[in-house]
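Structure below is run_20.cif: mmCIF, C-alpha atoms and all ligand atoms.
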data_coords
loop_
_atom_site.label_atom_id
_atom_site.label_comp_id
_atom_site.auth_asym_id
_atom_site.auth_seq_id
_atom_site.Cartn_x
_atom_site.Cartn_y
_atom_site.Cartn_z
CA MET A 1 16.00 -16.69 4.06
CA PRO A 2 15.28 -12.96 3.58
CA PHE A 3 11.72 -11.85 4.22
CA TYR A 4 10.99 -11.09 0.59
CA GLU A 5 12.11 -14.53 -0.62
CA TRP A 6 10.25 -16.27 2.14
CA ARG A 7 7.08 -14.41 1.31
CA ARG A 8 7.19 -13.71 -2.40
CA SER A 9 7.21 -17.14 -4.00
CA LYS A 10 4.28 -18.39 -1.98
CA HIS A 11 1.58 -15.93 -3.07
CA GLU A 12 -0.55 -17.00 -0.13
CA SER A 13 -1.07 -15.84 3.40
CA VAL A 14 1.59 -16.61 5.92
CA PRO A 15 0.82 -18.21 9.28
CA MET A 16 1.01 -15.78 12.19
CA ALA A 17 3.75 -17.75 13.94
CA GLU A 18 6.12 -16.97 11.08
CA LYS A 19 6.00 -13.31 11.99
CA ALA A 20 8.44 -14.00 14.79
CA ASP A 21 10.83 -15.60 12.29
CA PHE A 22 10.57 -12.50 10.15
CA ILE A 23 11.67 -10.32 13.05
CA ALA A 24 14.42 -12.75 14.06
CA LEU A 25 15.73 -12.89 10.50
CA ARG A 26 15.85 -9.17 10.26
CA LEU A 27 17.97 -8.96 13.40
CA SER A 28 20.38 -11.73 12.44
CA PRO A 29 24.01 -10.49 12.58
CA LEU A 30 24.92 -12.57 9.53
CA ARG A 31 22.21 -10.87 7.55
CA THR A 32 23.33 -7.43 8.72
CA GLN A 33 26.88 -8.20 7.67
CA LYS A 34 25.69 -9.34 4.26
CA ALA A 35 23.70 -6.16 3.84
CA HIS A 36 26.92 -4.15 4.12
CA THR A 37 28.72 -6.10 1.46
CA MET A 38 25.86 -6.53 -1.02
CA GLN A 39 24.24 -3.79 -3.05
CA LYS A 40 20.80 -3.07 -1.67
CA GLN A 41 17.82 -4.20 -3.68
CA ARG A 42 15.28 -1.61 -4.72
CA VAL A 43 11.79 -1.23 -3.35
CA PHE A 44 8.99 0.82 -4.92
CA SER A 45 5.50 1.49 -3.62
CA GLY A 46 2.95 4.27 -3.55
CA ILE A 47 -0.40 5.44 -2.24
CA GLN A 48 -3.03 7.50 -4.02
CA PRO A 49 -4.02 10.81 -2.40
CA SER A 50 -7.64 9.89 -3.11
CA GLY A 51 -9.13 10.33 0.35
CA ASN A 52 -8.30 9.95 4.02
CA LEU A 53 -5.57 7.36 4.47
CA THR A 54 -6.98 4.48 6.50
CA VAL A 55 -5.78 1.92 8.98
CA GLY A 56 -5.92 -0.43 5.95
CA ASN A 57 -3.33 1.66 4.12
CA TYR A 58 -1.28 1.74 7.33
CA LEU A 59 -1.32 -2.02 7.97
CA GLY A 60 -1.27 -3.16 4.34
CA ALA A 61 1.45 -0.76 3.22
CA LEU A 62 2.98 1.97 5.40
CA LYS A 63 3.85 -0.06 8.49
CA ASN A 64 5.76 -2.55 6.36
CA TRP A 65 7.56 0.14 4.41
CA VAL A 66 8.93 1.49 7.67
CA ALA A 67 9.88 -1.99 8.90
CA ILE A 68 12.02 -2.76 5.85
CA GLN A 69 13.34 0.67 4.92
CA LYS A 70 16.89 0.20 6.20
CA GLU A 71 17.41 -3.00 4.25
CA TYR A 72 16.57 -1.61 0.82
CA GLU A 73 16.96 1.37 -1.47
CA ASN A 74 13.40 2.69 -1.35
CA TYR A 75 11.24 4.81 -3.65
CA PHE A 76 7.94 5.77 -2.03
CA CYS A 77 5.67 7.77 -4.25
CA ILE A 78 2.49 9.79 -3.81
CA VAL A 79 0.67 8.57 -6.88
CA ASP A 80 -1.38 11.64 -7.69
CA LEU A 81 -1.77 10.70 -11.38
CA HIS A 82 -3.52 7.53 -10.27
CA ALA A 83 -5.82 9.57 -8.04
CA ILE A 84 -7.16 11.57 -11.00
CA THR A 85 -8.40 8.42 -12.75
CA VAL A 86 -11.59 9.18 -10.82
CA PRO A 87 -12.90 12.76 -10.43
CA GLN A 88 -11.08 14.84 -7.78
CA ASP A 89 -11.62 18.38 -6.56
CA PRO A 90 -8.26 20.07 -7.39
CA LYS A 91 -8.20 22.03 -4.12
CA ILE A 92 -8.86 18.95 -2.01
CA LEU A 93 -6.40 16.92 -4.06
CA ARG A 94 -3.60 19.40 -3.32
CA GLN A 95 -4.41 19.16 0.37
CA LYS A 96 -4.53 15.35 0.29
CA ILE A 97 -1.13 15.20 -1.46
CA ARG A 98 0.40 17.09 1.45
CA GLU A 99 -1.47 14.94 3.95
CA VAL A 100 -0.06 11.78 2.40
CA ALA A 101 3.44 13.29 2.47
CA ALA A 102 3.02 14.26 6.14
CA ILE A 103 1.80 10.75 6.97
CA TYR A 104 4.74 9.16 5.13
CA PHE A 105 7.13 11.07 7.34
CA ALA A 106 5.02 10.75 10.50
CA VAL A 107 4.94 6.94 10.32
CA GLY A 108 8.73 7.03 10.32
CA LEU A 109 9.90 6.93 6.71
CA ASP A 110 13.34 8.45 6.74
CA PRO A 111 14.61 10.45 3.73
CA GLU A 112 18.03 9.02 4.49
CA HIS A 113 16.76 5.60 3.38
CA CYS A 114 13.83 6.56 1.15
CA VAL A 115 13.25 8.77 -1.84
CA ILE A 116 9.81 10.30 -1.28
CA PHE A 117 8.17 12.20 -4.13
CA ARG A 118 5.09 12.99 -6.19
CA GLN A 119 4.48 10.90 -9.28
CA SER A 120 3.37 13.91 -11.35
CA LYS A 121 6.74 15.63 -10.76
CA VAL A 122 8.58 12.83 -12.58
CA PRO A 123 7.13 12.81 -16.13
CA GLU A 124 9.10 9.67 -16.96
CA HIS A 125 6.25 7.71 -15.27
CA THR A 126 3.73 8.69 -17.95
CA GLU A 127 6.29 8.36 -20.74
CA LEU A 128 7.07 4.78 -19.80
CA ALA A 129 3.36 4.09 -19.29
CA TRP A 130 2.82 4.92 -22.98
CA LEU A 131 5.52 2.49 -24.08
CA LEU A 132 3.99 -0.21 -21.89
CA ASN A 133 0.50 0.62 -23.20
CA CYS A 134 1.78 -0.46 -26.57
CA ILE A 135 2.62 -3.95 -25.31
CA ALA A 136 -0.25 -4.39 -22.80
CA ARG A 137 -3.35 -6.11 -24.17
CA PHE A 138 -6.91 -4.92 -24.00
CA GLY A 139 -8.01 -8.38 -22.81
CA GLU A 140 -5.53 -8.31 -19.92
CA LEU A 141 -6.76 -4.96 -18.70
CA SER A 142 -10.38 -6.05 -19.11
CA ARG A 143 -9.77 -8.84 -16.60
CA MET A 144 -8.60 -6.56 -13.77
CA THR A 145 -10.96 -7.05 -10.84
CA GLN A 146 -10.22 -3.63 -9.34
CA PHE A 147 -11.54 -1.97 -12.52
CA LYS A 148 -14.64 -4.14 -12.34
CA ASP A 149 -15.14 -3.31 -8.64
CA LYS A 150 -14.66 0.39 -9.17
CA THR A 151 -17.07 0.54 -12.09
CA GLN A 152 -19.71 -1.65 -10.49
CA LYS A 153 -21.89 1.30 -9.54
CA GLY A 154 -21.48 3.72 -12.44
CA GLY A 155 -20.80 1.16 -15.21
CA ALA A 156 -17.65 0.68 -17.32
CA ASP A 157 -18.89 2.85 -20.20
CA SER A 158 -18.70 6.03 -18.18
CA ALA A 159 -15.39 5.16 -16.44
CA SER A 160 -12.34 7.13 -17.55
CA ALA A 161 -9.85 5.52 -19.93
CA GLY A 162 -7.31 6.38 -17.22
CA LEU A 163 -9.06 4.10 -14.73
CA PHE A 164 -8.98 1.26 -17.27
CA ASP A 165 -5.29 1.94 -17.88
CA TYR A 166 -4.43 2.31 -14.18
CA PRO A 167 -2.48 -1.00 -13.97
CA VAL A 168 -0.20 0.01 -16.86
CA LEU A 169 0.73 3.28 -15.15
CA MET A 170 1.32 1.27 -11.99
CA ALA A 171 3.60 -1.11 -13.92
CA ALA A 172 5.50 1.90 -15.27
CA ASP A 173 5.89 3.29 -11.71
CA VAL A 174 7.72 0.19 -10.56
CA LEU A 175 9.61 -0.85 -13.71
CA LEU A 176 10.97 2.68 -14.10
CA TYR A 177 13.17 2.09 -11.05
CA ASN A 178 13.99 -1.54 -11.80
CA ALA A 179 12.55 -2.25 -8.36
CA HIS A 180 12.90 -5.81 -7.11
CA LEU A 181 10.17 -5.63 -4.51
CA VAL A 182 6.78 -4.01 -4.16
CA PRO A 183 5.35 -3.97 -0.61
CA VAL A 184 1.57 -3.74 -1.03
CA GLY A 185 -1.68 -5.01 0.43
CA ASP A 186 -3.39 -8.10 -0.89
CA ASP A 187 -5.71 -6.11 -3.20
CA GLN A 188 -2.76 -5.30 -5.47
CA ARG A 189 -1.85 -8.93 -6.20
CA GLN A 190 -3.46 -8.98 -9.66
CA HIS A 191 -1.89 -5.67 -10.68
CA LEU A 192 1.49 -7.04 -9.61
CA GLU A 193 1.00 -10.11 -11.79
CA LEU A 194 0.21 -7.92 -14.80
CA MET A 195 3.29 -5.81 -14.07
CA ARG A 196 5.43 -8.96 -14.08
CA THR A 197 3.85 -10.09 -17.34
CA LEU A 198 4.60 -6.74 -18.98
CA ALA A 199 8.21 -6.75 -17.75
CA ARG A 200 8.75 -10.28 -19.09
CA ARG A 201 7.05 -9.48 -22.39
CA PHE A 202 9.14 -6.36 -22.90
CA ASN A 203 12.36 -8.21 -22.07
CA HIS A 204 11.43 -11.06 -24.37
CA THR A 205 10.50 -8.78 -27.29
CA TYR A 206 13.15 -6.06 -27.03
CA GLY A 207 15.92 -7.61 -24.93
CA GLU A 208 16.67 -7.64 -21.19
CA THR A 209 15.62 -4.24 -19.83
CA PHE A 210 13.47 -4.52 -16.71
CA VAL A 211 13.77 -6.35 -13.41
CA VAL A 212 10.69 -8.57 -12.96
CA PRO A 213 9.45 -7.37 -9.55
CA GLU A 214 8.02 -9.41 -6.70
CA ALA A 215 5.10 -8.58 -4.43
CA MET A 216 5.78 -8.33 -0.70
CA ILE A 217 2.53 -8.87 1.19
CA PRO A 218 2.37 -8.67 5.00
CA PRO A 219 1.29 -11.66 7.13
CA THR A 220 -1.50 -9.73 8.89
CA GLY A 221 -3.44 -6.62 7.91
CA ALA A 222 -2.98 -7.38 4.20
CA ARG A 223 -6.70 -6.96 3.55
CA VAL A 224 -8.47 -4.88 6.16
CA MET A 225 -12.21 -4.93 5.55
CA GLY A 226 -14.77 -2.15 6.00
CA LEU A 227 -16.05 -1.60 9.55
CA ASP A 228 -19.57 -1.20 8.19
CA ASP A 229 -19.34 -4.13 5.78
CA PRO A 230 -16.76 -6.90 6.33
CA THR A 231 -17.27 -8.17 2.79
CA MET A 232 -15.84 -4.96 1.28
CA LYS A 233 -12.16 -3.96 1.42
CA MET A 234 -11.67 -0.86 3.57
CA SER A 235 -11.08 2.01 1.12
CA LYS A 236 -10.03 5.59 1.74
CA SER A 237 -12.31 6.94 -0.99
CA SER A 238 -15.47 5.57 0.64
CA PRO A 239 -18.07 8.33 1.10
CA ALA A 240 -19.12 6.77 4.45
CA PRO A 241 -16.81 7.77 7.32
CA ALA A 242 -18.13 4.82 9.39
CA HIS A 243 -16.55 2.51 6.78
CA TYR A 244 -12.98 3.25 7.83
CA VAL A 245 -10.67 4.39 10.59
CA ALA A 246 -8.56 7.21 9.16
CA ILE A 247 -4.96 7.61 10.31
CA LEU A 248 -5.76 11.26 11.08
CA ASP A 249 -9.02 10.56 12.93
CA GLU A 250 -9.17 11.97 16.46
CA PRO A 251 -8.82 9.35 19.21
CA ASP A 252 -12.46 9.63 20.26
CA THR A 253 -13.63 9.26 16.68
CA ILE A 254 -11.57 6.07 16.38
CA ARG A 255 -13.07 4.67 19.59
CA LYS A 256 -16.58 5.54 18.41
CA LYS A 257 -16.12 4.04 14.93
CA ILE A 258 -14.78 0.78 16.35
CA ARG A 259 -17.54 0.65 18.97
CA ARG A 260 -20.10 0.95 16.17
CA ALA A 261 -18.39 -1.51 13.81
CA LYS A 262 -20.62 -4.21 12.45
CA THR A 263 -20.47 -7.55 14.28
CA ASP A 264 -21.69 -11.06 13.45
CA SER A 265 -24.55 -13.01 14.95
CA GLY A 266 -23.71 -15.24 17.91
CA SER A 267 -21.24 -14.33 20.60
CA GLY A 268 -17.93 -16.22 20.36
CA ILE A 269 -14.76 -14.30 19.46
CA THR A 270 -13.18 -16.43 16.76
CA ALA A 271 -11.59 -15.70 13.40
CA THR A 272 -13.76 -18.17 11.54
CA ASP A 273 -15.49 -17.99 8.14
CA ASP A 274 -18.92 -17.60 9.71
CA LYS A 275 -17.66 -14.48 11.55
CA PRO A 276 -16.19 -12.15 8.91
CA ALA A 277 -16.73 -9.02 11.00
CA ILE A 278 -15.06 -10.44 14.12
CA ARG A 279 -12.27 -11.94 12.03
CA ASN A 280 -11.62 -8.49 10.58
CA LEU A 281 -11.48 -6.89 14.05
CA LEU A 282 -9.11 -9.64 15.23
CA ASP A 283 -6.92 -9.14 12.15
CA ILE A 284 -6.65 -5.41 12.81
CA TYR A 285 -5.96 -6.12 16.51
CA SER A 286 -3.27 -8.66 15.63
CA ALA A 287 -1.55 -6.41 13.08
CA MET A 288 -1.64 -3.38 15.40
CA SER A 289 -0.53 -5.21 18.56
CA GLY A 290 1.77 -7.96 17.28
CA LYS A 291 -0.29 -10.58 19.17
CA THR A 292 -1.24 -13.64 17.14
CA ILE A 293 -4.87 -14.26 16.23
CA SER A 294 -4.91 -17.48 18.25
CA ALA A 295 -3.53 -15.67 21.31
CA LEU A 296 -6.31 -13.10 20.93
CA GLU A 297 -8.96 -15.80 20.54
CA ALA A 298 -7.71 -17.37 23.78
CA GLU A 299 -7.57 -13.98 25.55
CA TYR A 300 -11.20 -13.19 24.63
CA GLU A 301 -12.68 -16.61 25.29
CA GLY A 302 -15.87 -16.13 27.30
CA LYS A 303 -15.82 -12.35 26.76
CA GLY A 304 -18.26 -10.30 24.68
CA TYR A 305 -17.96 -8.30 21.44
CA GLY A 306 -18.12 -5.11 23.51
CA ASP A 307 -14.93 -6.07 25.41
CA LEU A 308 -13.11 -6.80 22.17
CA LYS A 309 -14.17 -3.51 20.59
CA LYS A 310 -13.28 -1.48 23.66
CA ASP A 311 -9.74 -2.91 23.82
CA LEU A 312 -9.27 -2.74 20.07
CA GLY A 313 -10.25 0.94 20.14
CA GLU A 314 -7.46 1.59 22.66
CA VAL A 315 -4.89 -0.43 20.70
CA VAL A 316 -5.68 1.47 17.50
CA VAL A 317 -5.65 4.84 19.26
CA GLU A 318 -2.33 4.01 20.88
CA GLY A 319 -0.82 3.06 17.50
CA LEU A 320 -2.22 5.94 15.47
CA ALA A 321 -2.26 8.89 17.90
CA PRO A 322 1.50 9.63 17.74
CA ILE A 323 1.36 9.45 13.94
CA ARG A 324 -1.56 11.89 13.90
CA THR A 325 0.23 14.32 16.22
CA ARG A 326 3.41 14.29 14.14
CA ALA A 327 1.54 14.56 10.82
CA LEU A 328 -0.41 17.60 12.04
CA GLU A 329 2.85 19.27 13.10
CA LEU A 330 4.33 18.66 9.66
CA LEU A 331 1.20 19.98 7.96
CA ASP A 332 1.77 23.28 9.76
CA ASP A 333 4.66 23.90 7.37
CA PRO A 334 3.40 23.01 3.86
CA GLY A 335 6.29 24.86 2.20
CA GLU A 336 8.80 22.57 3.88
CA LEU A 337 6.81 19.47 2.87
CA ASP A 338 6.67 20.68 -0.75
CA SER A 339 10.39 21.31 -0.84
CA ILE A 340 11.22 17.84 0.55
CA LEU A 341 8.95 16.33 -2.10
CA ASP A 342 10.62 18.39 -4.84
CA SER A 343 14.07 17.25 -3.82
CA GLY A 344 12.79 13.65 -3.73
CA ALA A 345 11.54 14.10 -7.31
CA GLU A 346 14.99 15.29 -8.40
CA ARG A 347 16.58 12.18 -6.90
CA ALA A 348 13.94 9.91 -8.45
CA LYS A 349 14.41 11.47 -11.91
CA LYS A 350 18.08 10.53 -11.98
CA VAL A 351 17.24 6.83 -11.83
CA ALA A 352 14.00 7.04 -13.83
CA SER A 353 15.43 8.94 -16.80
CA SER A 354 18.19 6.46 -17.52
CA ILE A 355 15.87 3.43 -17.35
CA LEU A 356 13.31 5.20 -19.57
CA ARG A 357 16.05 6.03 -22.07
CA ASP A 358 17.09 2.39 -22.18
CA ALA A 359 13.48 1.29 -22.87
CA GLN A 360 13.07 3.96 -25.58
CA THR A 361 16.30 2.88 -27.25
CA LYS A 362 15.26 -0.76 -27.21
CA MET A 363 11.94 0.16 -28.86
CA GLY A 364 13.60 2.42 -31.43
CA VAL A 365 12.05 5.65 -30.22
CA ASP A 366 15.23 7.21 -28.84
N1 LIG B 401 -8.09 -2.34 3.14
C1 LIG B 401 -6.80 -2.49 2.93
N2 LIG B 401 -6.11 -3.43 3.63
C2 LIG B 401 -4.78 -3.58 3.43
N3 LIG B 401 -4.06 -2.85 2.56
C3 LIG B 401 -4.72 -1.91 1.85
N4 LIG B 401 -4.32 -1.03 0.92
C4 LIG B 401 -5.36 -0.30 0.50
N5 LIG B 401 -6.46 -0.67 1.16
C5 LIG B 401 -6.10 -1.68 1.99
C6 LIG B 401 -2.95 -0.90 0.47
O1 LIG B 401 -2.60 0.47 0.59
C7 LIG B 401 -1.76 0.83 -0.50
C8 LIG B 401 -2.30 2.06 -1.17
O2 LIG B 401 -3.25 1.78 -2.09
P1 LIG B 401 -3.70 2.87 -3.15
O3 LIG B 401 -3.96 4.17 -2.54
O4 LIG B 401 -2.76 2.90 -4.30
O5 LIG B 401 -5.01 2.25 -3.73
P2 LIG B 401 -6.01 1.24 -3.19
O6 LIG B 401 -5.39 -0.09 -2.99
O7 LIG B 401 -7.17 1.30 -4.15
O8 LIG B 401 -6.35 1.85 -1.77
P3 LIG B 401 -7.73 2.40 -1.26
O9 LIG B 401 -7.52 2.84 0.14
O10 LIG B 401 -8.81 1.40 -1.52
O11 LIG B 401 -7.92 3.68 -2.17
P4 LIG B 401 -9.11 4.11 -3.08
O12 LIG B 401 -10.32 4.11 -2.19
O13 LIG B 401 -8.75 5.46 -3.57
O14 LIG B 401 -9.18 3.10 -4.19
C9 LIG B 401 -1.65 -0.39 -1.41
O15 LIG B 401 -0.45 -1.08 -1.08
C10 LIG B 401 -2.83 -1.22 -1.01
O16 LIG B 401 -2.62 -2.60 -1.23
#
Rewritten as structure tokens:
Amino acid sequence: MPFYEWRRSKHESVPMAEKADFIALRLSPLRTQKAHTMQKQRVFSGIQPSGNLTVGNYLGALKNWVAIQKEYENYFCIVDLHAITVPQDPKILRQKIREVAAIYFAVGLDPEHCVIFRQSKVPEHTELAWLLNCIARFGELSRMTQFKDKTQKGGADSASAGLFDYPVLMAADVLLYNAHLVPVGDDQRQHLELMRTLARRFNHTYGETFVVPEAMIPPTGARVMGLDDPTMKMSKSSPAPAHYVAILDEPDTIRKKIRRAKTDSGSGITATDDKPAIRNLLDIYSAMSGKTISALEAEYEGKGYGDLKKDLGEVVVEGLAPIRTRALELLDDPGELDSILDSGAERAKKVASSILRDAQTKMGVD
């Protein structure tokens, strides 16, 4: 069974042991043969340039994009219009857009298999978002937990309408390409459900138009938690650098942040409910190294938190350092990055414009 089918229908976490099956399936000669004769399915995903990309973004999204890129026709977007749903400094935003682009290429996304572009350069995204706004319901958007989380501090009244509408723009991003699959971290599950609801509602009301996409959530690293607070999802927009490991952090900074990560009381190294901080460190370790959580628990039996943190620091440095080096090289030539993004936008527009036109025609606004 292909990875996406195996994973998508379950909507639950997958046991570590199944990871090996995933790799075996992907190498199966039968599957490779089939891939040549069948038209590739489409994948869409994106990341907001709203801060320093973290190891959470890497494990929940980027690493998996790279792993599947050859099997699908991929559209990977830098969702800058999502980023401005909260205040951004325009100068920093421009810099972060390039950083995200550099990281996309540095992790190994290959323009031969992936169309990589900026959301704001393909206006069809906002045009379709408006059409979908007219079928999305206020009640549905009011139930989005990410909106509630993000407005917890400042209150919903002062949040931008864009932040409230974020999931509709996200639905437009994916439906605009008739993508079958959306590789994301666990935090996007609810948005994906809304996207599926909107696609079905549109098809039901106006006639078959959109593919109803499926989420593709990785077996480990799907929800990396904050190093300073294992009850909070690690987020790139956190004002506290100790909260996250950034992909572009220097190796010594990574070691230091992991050394200072919060731990739980007691001493055993187990991924149990009473040890959310240790479970998070083991999850990161497992996703970065490919070792199962149970193998790690056995390896660290009788050892201390300090041993775990020291080794984890090295594993993370080893995984991220080459990406950092390559990304910094690419950032030395911003003109080249911009021009690759522009040509990606041209390619994306070709697909997006015809699907938008179809939706407009169905709604009678052609
Ligand atoms: N902590 C995480 N663990 C696993 N996956 C994660 N993702 C984000 N955080 C984690 C995945 O990364 C992709 C990019 O997400 P995004 O930039 O569109 O928005 P987000 O989910 O809101 O990510 P952040 O880092 O928390 O950004 P801010 O702080 O700006 O809101 C998605 O696939 C997401 O699942």
Around stretch 100-116 of chain A, fit a box with edges along x, y and z, padding it by 6 Å on each side, then list its centre and edge lengths in Å to one decimal as AutoDock Vina command-line options.
--center_x 9.0 --center_y 9.9 --center_z 4.3 --size_x 30.1 --size_y 20.7 --size_z 24.3
Given a cut-off of 9 Å, what residues near ligand LIG 401 (chain B) show up using all atoms listed in the file, put as number ranges by chain? A: 45-62, 78-79, 82-83, 86, 146, 150, 170, 182-189, 217-218, 220-226, 232-238, 244
From the list A:Gly306, A:Gly154, A:Pro251, A:Gly364, which residue is nearest A:Leu320 when using all atoms listed in the file?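 Nearest to A:Leu320: A:Pro251.
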What is the atom CA of A:Leu109-atom CA of A:Lys40 distance in Å, reported with one decimal?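 So the two atoms, atom CA of A:Leu109 and atom CA of A:Lys40, lie 17.0 Å apart.
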Out of A:Ala348, A:Ala277, A:Ile269, A:Met288, which residue has the shortest atom-to-atom distance to A:Tyr305 when counting only C-alpha atoms? A:Ile269
Would you mind reading off the distance between atom CA of A:Ser343 and atom CA of A:Val365, one decimal, in Å?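 Atom CA of A:Val365 lies 28.9 Å from atom CA of A:Ser343.
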Provide the atom CA of A:Leu81 to atom CA of A:Leu128 distance in Å, to one decimal place.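 Those two atoms sit 13.6 Å apart.
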Shell around A:Thr126 at 10 Å using all atoms listed in the file, local window under 2 positions removed, as a ChimeraX atom specification: /A:81,119-120,122-124,128-132,168-170,172-173
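When only C-alpha atoms are used to compute distances to A:Ala101, the closest of the residues A:Val115, A:Ile293, A:Ala321, A:Ala159 turns out to be A:Val115.
Considering the residues A:Asn74, A:Gln190, A:Thr270, A:Ser289 and counting all atoms listed in the file, A:Glu140 has its shortest atom-to-atom contact with A:Gln190.
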Pick out the residues sitting within 12 Å of A:Arg98, and hand them over as a PyMOL selection string; count only C-alpha atoms, and ignore anything fewer than 6 positions along from it in its own chain. chain A and resi 48-53+78-80+91-92+104-106+116-118+327-328+330-341
Would you output that residue set with C-alpha atoms, as a PDB file, keeping the file's coordinate frame?
ATOM      1  CA  GLN A  48      -3.030   7.500  -4.020  1.00  0.00           C
ATOM      2  CA  PRO A  49      -4.020  10.810  -2.400  1.00  0.00           C
ATOM      3  CA  SER A  50      -7.640   9.890  -3.110  1.00  0.00           C
ATOM      4  CA  GLY A  51      -9.130  10.330   0.350  1.00  0.00           C
ATOM      5  CA  ASN A  52      -8.300   9.950   4.020  1.00  0.00           C
ATOM      6  CA  LEU A  53      -5.570   7.360   4.470  1.00  0.00           C
ATOM      7  CA  ILE A  78       2.490   9.790  -3.810  1.00  0.00           C
ATOM      8  CA  VAL A  79       0.670   8.570  -6.880  1.00  0.00           C
ATOM      9  CA  ASP A  80      -1.380  11.640  -7.690  1.00  0.00           C
ATOM     10  CA  LYS A  91      -8.200  22.030  -4.120  1.00  0.00           C
ATOM     11  CA  ILE A  92      -8.860  18.950  -2.010  1.00  0.00           C
ATOM     12  CA  TYR A 104       4.740   9.160   5.130  1.00  0.00           C
ATOM     13  CA  PHE A 105       7.130  11.070   7.340  1.00  0.00           C
ATOM     14  CA  ALA A 106       5.020  10.750  10.500  1.00  0.00           C
ATOM     15  CA  ILE A 116       9.810  10.300  -1.280  1.00  0.00           C
ATOM     16  CA  PHE A 117       8.170  12.200  -4.130  1.00  0.00           C
ATOM     17  CA  ARG A 118       5.090  12.990  -6.190  1.00  0.00           C
ATOM     18  CA  ALA A 327       1.540  14.560  10.820  1.00  0.00           C
ATOM     19  CA  LEU A 328      -0.410  17.600  12.040  1.00  0.00           C
ATOM     20  CA  LEU A 330       4.330  18.660   9.660  1.00  0.00           C
ATOM     21  CA  LEU A 331       1.200  19.980   7.960  1.00  0.00           C
ATOM     22  CA  ASP A 332       1.770  23.280   9.760  1.00  0.00           C
ATOM     23  CA  ASP A 333       4.660  23.900   7.370  1.00  0.00           C
ATOM     24  CA  PRO A 334       3.400  23.010   3.860  1.00  0.00           C
ATOM     25  CA  GLY A 335       6.290  24.860   2.200  1.00  0.00           C
ATOM     26  CA  GLU A 336       8.800  22.570   3.880  1.00  0.00           C
ATOM     27  CA  LEU A 337       6.810  19.470   2.870  1.00  0.00           C
ATOM     28  CA  ASP A 338       6.670  20.680  -0.750  1.00  0.00           C
ATOM     29  CA  SER A 339      10.390  21.310  -0.840  1.00  0.00           C
ATOM     30  CA  ILE A 340      11.220  17.840   0.550  1.00  0.00           C
ATOM     31  CA  LEU A 341       8.950  16.330  -2.100  1.00  0.00           C
TER      32      LEU A 341
END
Name all residues at most 12 Å from A:Asn178 (count only C-alpha atoms; drop same-chain ones fewer than 6 positions away) and give them as a PyMOL selection string. chain A and resi 41-44+73-75+171-172+195-196+199+208-214+348+351-356+358-359
N, CA and C atoms are what I want for stretch 355-366 of chain A; can you complete it accordingly and write them as a PDB file, keeping the file's coordinate frame?
ATOM      1  N   ILE A 355      16.588   4.683 -17.020  1.00  0.00           N
ATOM      2  CA  ILE A 355      15.870   3.430 -17.350  1.00  0.00           C
ATOM      3  C   ILE A 355      14.862   3.690 -18.475  1.00  0.00           C
ATOM      4  N   LEU A 356      14.219   4.861 -18.472  1.00  0.00           N
ATOM      5  CA  LEU A 356      13.310   5.200 -19.570  1.00  0.00           C
ATOM      6  C   LEU A 356      14.078   5.249 -20.894  1.00  0.00           C
ATOM      7  N   ARG A 357      15.253   5.900 -20.833  1.00  0.00           N
ATOM      8  CA  ARG A 357      16.050   6.030 -22.070  1.00  0.00           C
ATOM      9  C   ARG A 357      16.399   4.650 -22.639  1.00  0.00           C
ATOM     10  N   ASP A 358      16.751   3.757 -21.751  1.00  0.00           N
ATOM     11  CA  ASP A 358      17.090   2.390 -22.180  1.00  0.00           C
ATOM     12  C   ASP A 358      15.878   1.748 -22.883  1.00  0.00           C
ATOM     13  N   ALA A 359      14.685   1.891 -22.276  1.00  0.00           N
ATOM     14  CA  ALA A 359      13.480   1.290 -22.870  1.00  0.00           C
ATOM     15  C   ALA A 359      13.170   1.941 -24.219  1.00  0.00           C
ATOM     16  N   GLN A 360      13.332   3.265 -24.304  1.00  0.00           N
ATOM     17  CA  GLN A 360      13.070   3.960 -25.580  1.00  0.00           C
ATOM     18  C   GLN A 360      14.021   3.476 -26.664  1.00  0.00           C
ATOM     19  N   THR A 361      15.295   3.334 -26.280  1.00  0.00           N
ATOM     20  CA  THR A 361      16.300   2.880 -27.250  1.00  0.00           C
ATOM     21  C   THR A 361      15.950   1.487 -27.760  1.00  0.00           C
ATOM     22  N   LYS A 362      15.572   0.627 -26.808  1.00  0.00           N
ATOM     23  CA  LYS A 362      15.260  -0.760 -27.210  1.00  0.00           C
ATOM     24  C   LYS A 362      14.080  -0.790 -28.177  1.00  0.00           C
ATOM     25  N   MET A 363      13.135   0.159 -27.998  1.00  0.00           N
ATOM     26  CA  MET A 363      11.940   0.160 -28.860  1.00  0.00           C
ATOM     27  C   MET A 363      12.172   0.954 -30.142  1.00  0.00           C
ATOM     28  N   GLY A 364      13.304   1.639 -30.221  1.00  0.00           N
ATOM     29  CA  GLY A 364      13.600   2.420 -31.430  1.00  0.00           C
ATOM     30  C   GLY A 364      12.969   3.794 -31.445  1.00  0.00           C
ATOM     31  N   VAL A 365      12.617   4.301 -30.277  1.00  0.00           N
ATOM     32  CA  VAL A 365      12.050   5.650 -30.220  1.00  0.00           C
ATOM     33  C   VAL A 365      12.959   6.569 -29.406  1.00  0.00           C
ATOM     34  N   ASP A 366      14.264   6.378 -29.581  1.00  0.00           N
ATOM     35  CA  ASP A 366      15.230   7.210 -28.840  1.00  0.00           C
ATOM     36  C   ASP A 366      15.569   8.469 -29.634  1.00  0.00           C
TER      37      ASP A 366
END
